Structures are given as C-alpha cells and as structure tokens.
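Beneath this line is the structure, given in structure tokens, with notes to follow.
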Amino acid sequence: MGESPSPAPAPAAAAAKVYYEGCPGCAMERRKESSTGTPYKELFFVGITTFASSLPITSLFPFLYFMIQDLHVAQREEDIGFYAGFLGASYMVGRGFASIFWGMVADRIGRKPVIVFSLFTVIVFNTLFGLSVKYWMAITTRLLLGALNGFLAPIKAYSIEVCRDDEQALGISIVNTAWGLGLIIGPAIGGYLAQPAKQYPHIFHDKSTFGRFPYLLPCLCISIFATFALISCIWLPETLHKHAKFEMGAETAEAGTTQESTESPKKSLWKNWPLMSSIITYCVFSLHDTAYSEIFSLWTVSGRKYGGLSFSSKDVGQVLTVAGVSLLVYQIFVYRWLNNTLGPVNSTRIASALSIPIIAAYPFMTHLSGIRLGLALYIAAMIKSVLAITRVSGTSLLQNNAVPQGQRGAANGIATTLMSLFKSVAPAGAGVLFSWAQKRQHAAFFPGDQMVFLLLNVTEVLGLLLTFKPFLAVPQHYK
C-alpha cells in the first residue's frame with residue numbers, strides 16, 4: 001500500500017524505455033509499439049465524438065436570419081445582420097474564455113474526462129438554445145455552450161497520442177475532417193429542420209411543440225446524436241501518462257530511461273515560437289473561415305435586391321451537404337497522401353493561394369440563374385471546403401509537434417482560446433459588415449457584397465503571408 005508501481009519489463013526492441021503498470025499513457029505507448037496497423041477503433045470514436053461536438057457551432061447559421069426576425073429585436077430588415085452577428089459570436093466568446101483552462105485540466109486529469117463533460121454540455125445547452133424565445137436567452141445558452149465545451153484541445157492531443165509518428169497526419173485529419181463535417185453538416189441540419197411547421201406543414205402543425213419552438217427540432221436532433229457519442233466514450237482509452245504522480249521526480253531522476261525521456265524538457269509555451277507562430281497563422285485562417293461561413297449563409301438567403309441569391313434555408317442546407325460529402329472523400333482518400341508529398345507547410349500555402357480566386361468569384365454569381373448558378377455555387381463551395389480543411393490540418397500538425405505530450409493539452413487550449421477570440425470577432429464583424437454592405441448596393445467602389453468578399457480575401461492573403469519566413473518557425477519534427 002502506498003508504494004510506487006514497479007516498472008514492467010520493456011520489450012526487447014525498446015530496451016531503453018521503461019513502462020509503468022497502471023499508467024494509461026504507458027499502456028498506449030506499448031500498444032503502438034506492438035502494433036503495425038492503423039488504430040481504426042480509436043480514430044472511429046475520435047471522429048464520432050468530434051463530429052457531435054462540432055455540429056452545434058454553425059447549425060444556427062441557415063436559420064439565424066429568420067430566428068432574429070422571430071425574436072423581434074431588429075427594428076428594420078437591414079439591422080438583422082447586426083443582431084445575428086452578436087448571437088453567432090457568443091459561442092466563440094464563451095469558448096475563448098475557457099479553453100486554456102480545459103486544456104490544463106486535460107493535461108492534469110486526462111483527456112477522456114474533459115471529452116465526456118464537453119459532450120454532456122452539448123446535450124444540455126444546445127437543447128436549451130432551441131427552446132429560446134428571447135434574444136437574451138439565445139445568447140446566454142450559446143455563451144455557456146462555448147464556455148463549458150472544452151472538447152477541441154484534448155481531442156487534438158488525443159488524436160496525435162493514439163497514432164504512431166507516421167500516422168499522425170491521419171489522426172489530426174480525422175479530427176479536422178469530423179470537425180469540418182460538423183461545421184458543414186450542422187448548417188445542413190439547421191436548414192432542413194428549422195421551422196418544420198412552415199417547411200413540412202403536412203407533418204408538423206403550427207400548434208405543436210415544434211410549431212411553437214420553430215428552431216428546437218434541429219437542436220434536439222443534434223443533442224440526441226451527442227447522447228450516442230457520449231455513450232461511445234466508454235470505449236475511449238486514456239492516453240495521458242500518469243505514473244509521475246506516484247513517483248517523486250520519476251521523470252527527472254530517470255531521464256535517460258523512462259518513456260517520458262523521449263520528449264524535450266518543458267518550457268514556457270508562450271516563448272515557444274514554433275508553437276505560437278503556427279497558432280497565430282491558424283487563428284487568422286479561423287477568422288477567415290468563420291466569417292466566410294456566416295457571410296455565405298446570410299448572402300445566399302438574402303434577397304436579390306440586396307445582392308443575395310434569395311435561397312431558402314433548405315437550399316443552403318443542400319449546398320452545404322454536398323460540400324460536406326466532398327470534404328469527407330478528400331480527407332479519407334487524398335489528404336494523407338498530399339501531406340506526405342508536400343508536407344504541412346507547403347500544402348497550407350497552396351490551399352490558401354487557391355482560395356483567393358474562389359472567394360473573388362462569389363459576388364459575380366448573382367448574374368447567374370438556374371442550372372448555371374447551381375453548378376457554379378456547388379463547385380465553389382466544395383473546393384472552398386477542401387482548401388479550408390487543408391489549411392487547418394496543416395497548422396494543427398505544426399502545433400501538436402511543437403510541444404511534448406505533457407504540454408499538448410495546454411498548447412491546444414491556448415490555440416483554441418486564441419482561435420475562439422478570433423472567431424468571436426468574425427461573426428459579429430461579418431454581420432455588421434454584411435448589414436453595412438447591403439445599404440451600399442449602388443456605391444461606385446466595390447458595391448454591395450463585392451466589398452464583403454474583398455475583405456474576406458484580405459484576411460486570406462494575410463494568412464498566406466504568415467506561412468512564410470521569417471514569421472513561421474517550423475518545428476524540429478519537420479526539419
């Protein structure tokens with residue numbers, strides 16, 4: 001009783017390493033060394049839980065315009081974008097304040113407890129958001145959903161830790177694929193299922209629960225899926241090394257023999273420039289992607305007289321669904337090969353450069369109609385989604401390989417916090433910008449939505465410039 005656990009004999013192929021019985025991190029390392037295959041079971045659960053956690057983030061965008069109308073806070077139609085921006089930003093504000101805390105918790109007690117708690121908050125607060133009948137209630141539930149959902153930092157660390165070095169690109173791409181799919185399928189769910197009494201009057205009556213709460217159905221469906229994802233966490237193995245708490249200075253005293261000795265000594269994350277430079281680049285791209293998501297949804301549903309496409313929320317959902325399918329195919333069959341061929345830095349640069357002409361083409365699609373409009377919009381949305389996930393995956397790989405395991409949760413927490421702050425600015429800024437642009441349809445200089453997409457491209461160019469020296473410092477892992 002009370003004695004430190006005895007080191008188990010190390011395999012002959014790894015005689016320099018010592019593993020500790022009862023340590024989940026050591027158990028995972030032994031499993032990786034004894035296996036030559038891909039950890040499909042762990043990555044499957046990573047994908048399911050990540051998808052469930054990301055669904056609520058953008059699911060409100062297709063019906064956000066109509067929700068603001070129904071909440072009766074905007075005095076004029078042109079003011080809807082203003083209020084929509086602040087509601088869209090509230091989730092990111094909450095997440096920005098709490099992500100470093102959740103990353104530190106994941107480094108202390110493990111990845112799995114934070115993942116489980118985060119999924120529980122999705123179930124509760126996403127459902128409450130669907131029941132919102134006041135603007136303040138909608139903002140509060142979204143704010144709490146963001147603050148209590150600390151999922152992203154531990155799951156990125158986890159996806160790296162269950163994979164061997166040569167499989168890390170696959171691990172991080174599973175997270176980013178599932179996360180990207182959630183950000184795309186979420187709006188599709190919102191578009192198809194919001195206002196069911198209006199969209200499907202033969203199934204839902206105006207006096208029914210879903211008639212009185214027109215935005216509950218998409219939120220409830222997401223919460224039900226998150227419940228199944230929560231149950232699946234039973235089979236998630238922990239990956240954090242925990243033997244240090246049993247031994248006084250074990251990691252220092254046996255620096256030449258323990259499993260932890262393969263990692264570099266801990267140093268201040270804020271002074272780790274390879275980490276911080278990749279995080280800043282990641283934040284700029286996140287700012288762009290979040291602003292793009294909101295502007296795309298607002299632009300497609302706004303009227304033709306305001307420079308939009310006059311789409312219904314169901315039409316937007318269909319476009320985003322097709323984009324999501326293309327994203328899944330790309331990440332499963334293409335991305336790992338692309339990363340192994342070009343590396344995370346070059347693939348990020350190329351994806352960013354190719355995004356610029358796609359964004360520039362959007363405002364000119366208002367001159368199209370019918371099949372030509374549909375074809376152009378679907379192709380552009382698919383390509384843009386693929387390019388965006390390539391950038392995110394590349395910068396995420398750089399971040400996670402710039403720190404040792406004991407700091408990986410905190411590092412991802414810092415990345416999530418800063419990214420959330422950028423993303424909290426994006427919806428509010430995009431909403432205000434979109435509202436302003438709709439009032440200048442006849443301006444001489446980039447009228448209407450041309451100005452919106454121009455400013456989107458400015459942020460894309462900035463992100464591209466940040467991927468070059470002297471700003472970006474590549475981790476030693478890739479040198």
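Residues are named by chain letter and number: chains run A, B, ... in the order of the structure tokens, numbers start at 1 in each chain, and ligands are numbered from 1 in the order shown.
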Please list as JSON, numbers by chain every residue within 8 Å of Thr417 of chain A, counting only C-alpha atoms and excluding residues in the same chain fewer than 4 positions away. {"A": [95, 96, 97, 98, 99, 100, 413, 421]}
How would the residues just chosen look if you wrote them out with N, CA, C and O atoms as a compact mmCIF listing (two decimals), in the first residue's frame?
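Saved file selection20.txt follows:
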# COMPACT_ATOMS: atom_id res chain seq x y z
N ARG A 95 -16.11 30.13 -25.46
CA ARG A 95 -15.02 29.18 -25.62
C ARG A 95 -13.67 29.86 -25.45
O ARG A 95 -12.72 29.28 -24.92
N GLY A 96 -13.57 31.11 -25.91
CA GLY A 96 -12.31 31.83 -25.79
C GLY A 96 -11.88 32.04 -24.35
O GLY A 96 -10.69 31.98 -24.02
N PHE A 97 -12.84 32.24 -23.44
CA PHE A 97 -12.50 32.47 -22.03
C PHE A 97 -12.10 31.19 -21.31
O PHE A 97 -11.39 31.25 -20.30
N ALA A 98 -12.52 30.03 -21.80
CA ALA A 98 -12.37 28.80 -21.02
C ALA A 98 -11.41 27.77 -21.60
O ALA A 98 -11.07 26.81 -20.92
N SER A 99 -10.97 27.91 -22.83
CA SER A 99 -10.23 26.83 -23.49
C SER A 99 -8.89 26.52 -22.85
O SER A 99 -8.50 25.34 -22.76
N ILE A 100 -8.15 27.54 -22.41
CA ILE A 100 -6.87 27.26 -21.75
C ILE A 100 -7.10 26.47 -20.47
O ILE A 100 -6.36 25.51 -20.17
N GLY A 413 -5.12 24.14 -25.82
CA GLY A 413 -6.02 25.08 -25.13
C GLY A 413 -5.72 26.52 -25.50
O GLY A 413 -6.63 27.31 -25.73
N LEU A 421 -11.23 33.58 -29.77
CA LEU A 421 -11.31 35.05 -29.73
C LEU A 421 -11.40 35.62 -31.15
O LEU A 421 -12.18 36.53 -31.42
Contact residues around Leu377 of chain A with only C-alpha atoms at 12 Å, ignoring same-chain residues under 6 positions, as a ChimeraX atom specification: /A:296,300,309,311,315-316,318-320,322-323,358-359,361-366,368-371,383-384
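Of note, atom CA of Thr209 of chain A and atom CA of Val124 of chain A are spaced 18.0 Å apart.
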Which residues are close to segment 231-239 of chain A, i.e. within 8 Å by only C-alpha atoms, leaving aside same-chain residues fewer than 4 positions away? Reply as a PyMOL selection string. chain A and resi 24-28+42+45+49+110-112+116+158+161-162+227
Would you mind exporting N, CA and C atoms of the selected residues as a CSV table (one decimal), in the first residue's frame?
chain,number,residue,atom,x,y,z
A,24,PRO,N,-2.0,4.8,-18.0
A,24,PRO,CA,-2.7,4.7,-19.3
A,24,PRO,C,-1.8,5.1,-20.5
A,25,GLY,N,-1.0,6.1,-20.2
A,25,GLY,CA,-0.1,6.6,-21.3
A,25,GLY,C,0.9,5.5,-21.7
A,26,CYS,N,1.5,4.9,-20.7
A,26,CYS,CA,2.4,3.8,-21.0
A,26,CYS,C,1.7,2.6,-21.7
A,27,ALA,N,0.5,2.3,-21.3
A,27,ALA,CA,-0.2,1.3,-22.0
A,27,ALA,C,-0.5,1.6,-23.4
A,28,MET,N,-0.8,2.9,-23.7
A,28,MET,CA,-1.0,3.3,-25.1
A,28,MET,C,0.3,3.2,-25.9
A,42,GLU,N,-9.9,3.5,-32.3
A,42,GLU,CA,-9.8,4.7,-31.6
A,42,GLU,C,-10.1,5.9,-32.5
A,45,PHE,N,-13.9,6.4,-32.9
A,45,PHE,CA,-14.5,7.1,-31.7
A,45,PHE,C,-14.1,8.6,-31.7
A,49,THR,N,-17.1,11.5,-31.8
A,49,THR,CA,-17.3,12.4,-30.7
A,49,THR,C,-16.9,13.9,-31.2
A,110,GLY,N,-6.5,14.0,-17.4
A,110,GLY,CA,-6.7,13.1,-18.6
A,110,GLY,C,-7.5,13.7,-19.7
A,111,ARG,N,-7.4,13.2,-20.8
A,111,ARG,CA,-8.2,13.7,-22.0
A,111,ARG,C,-9.7,13.3,-21.9
A,112,LYS,N,-9.9,12.0,-21.5
A,112,LYS,CA,-11.2,11.4,-21.5
A,112,LYS,C,-12.2,12.2,-20.6
A,116,VAL,N,-15.8,13.8,-22.1
A,116,VAL,CA,-17.1,13.3,-21.7
A,116,VAL,C,-17.9,14.5,-21.2
A,158,TYR,N,-5.3,14.0,-28.2
A,158,TYR,CA,-5.6,12.6,-28.1
A,158,TYR,C,-5.4,11.9,-29.5
A,161,GLU,N,-1.8,11.2,-29.9
A,161,GLU,CA,-1.3,10.3,-29.0
A,161,GLU,C,-1.7,8.8,-29.3
A,162,VAL,N,-2.7,8.6,-30.0
A,162,VAL,CA,-3.1,7.2,-30.3
A,162,VAL,C,-2.4,6.7,-31.6
A,227,THR,N,-25.8,12.4,-27.5
A,227,THR,CA,-26.0,11.4,-26.5
A,227,THR,C,-25.4,10.1,-26.9
Using only C-alpha atoms, which residues of segment 16-126 of chain A come within 9 Å of segment 212-220 of chain A, and what is the closest atom pair for each, with the distance in Å to one decimal? Give it as a tab-separated table, sorted by chain and residue number.
residue	atom	partner	partner_atom	distance
A:Pro56	CA	A:Cys219	CA	7.3
A:Ser59	CA	A:Pro218	CA	7.8
A:Leu60	CA	A:Tyr215	CA	8.6
A:Phe63	CA	A:Tyr215	CA	7.9
A:Met67	CA	A:Tyr215	CA	7.8
A:Ile123	CA	A:Leu220	CA	8.3
A:Asn126	CA	A:Cys219	CA	5.9
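Nearest residue to Phe333 of chain A among A:Arg372, A:Thr281, A:Ile174, A:Phe125 is A:Ile174, counting only C-alpha atoms.
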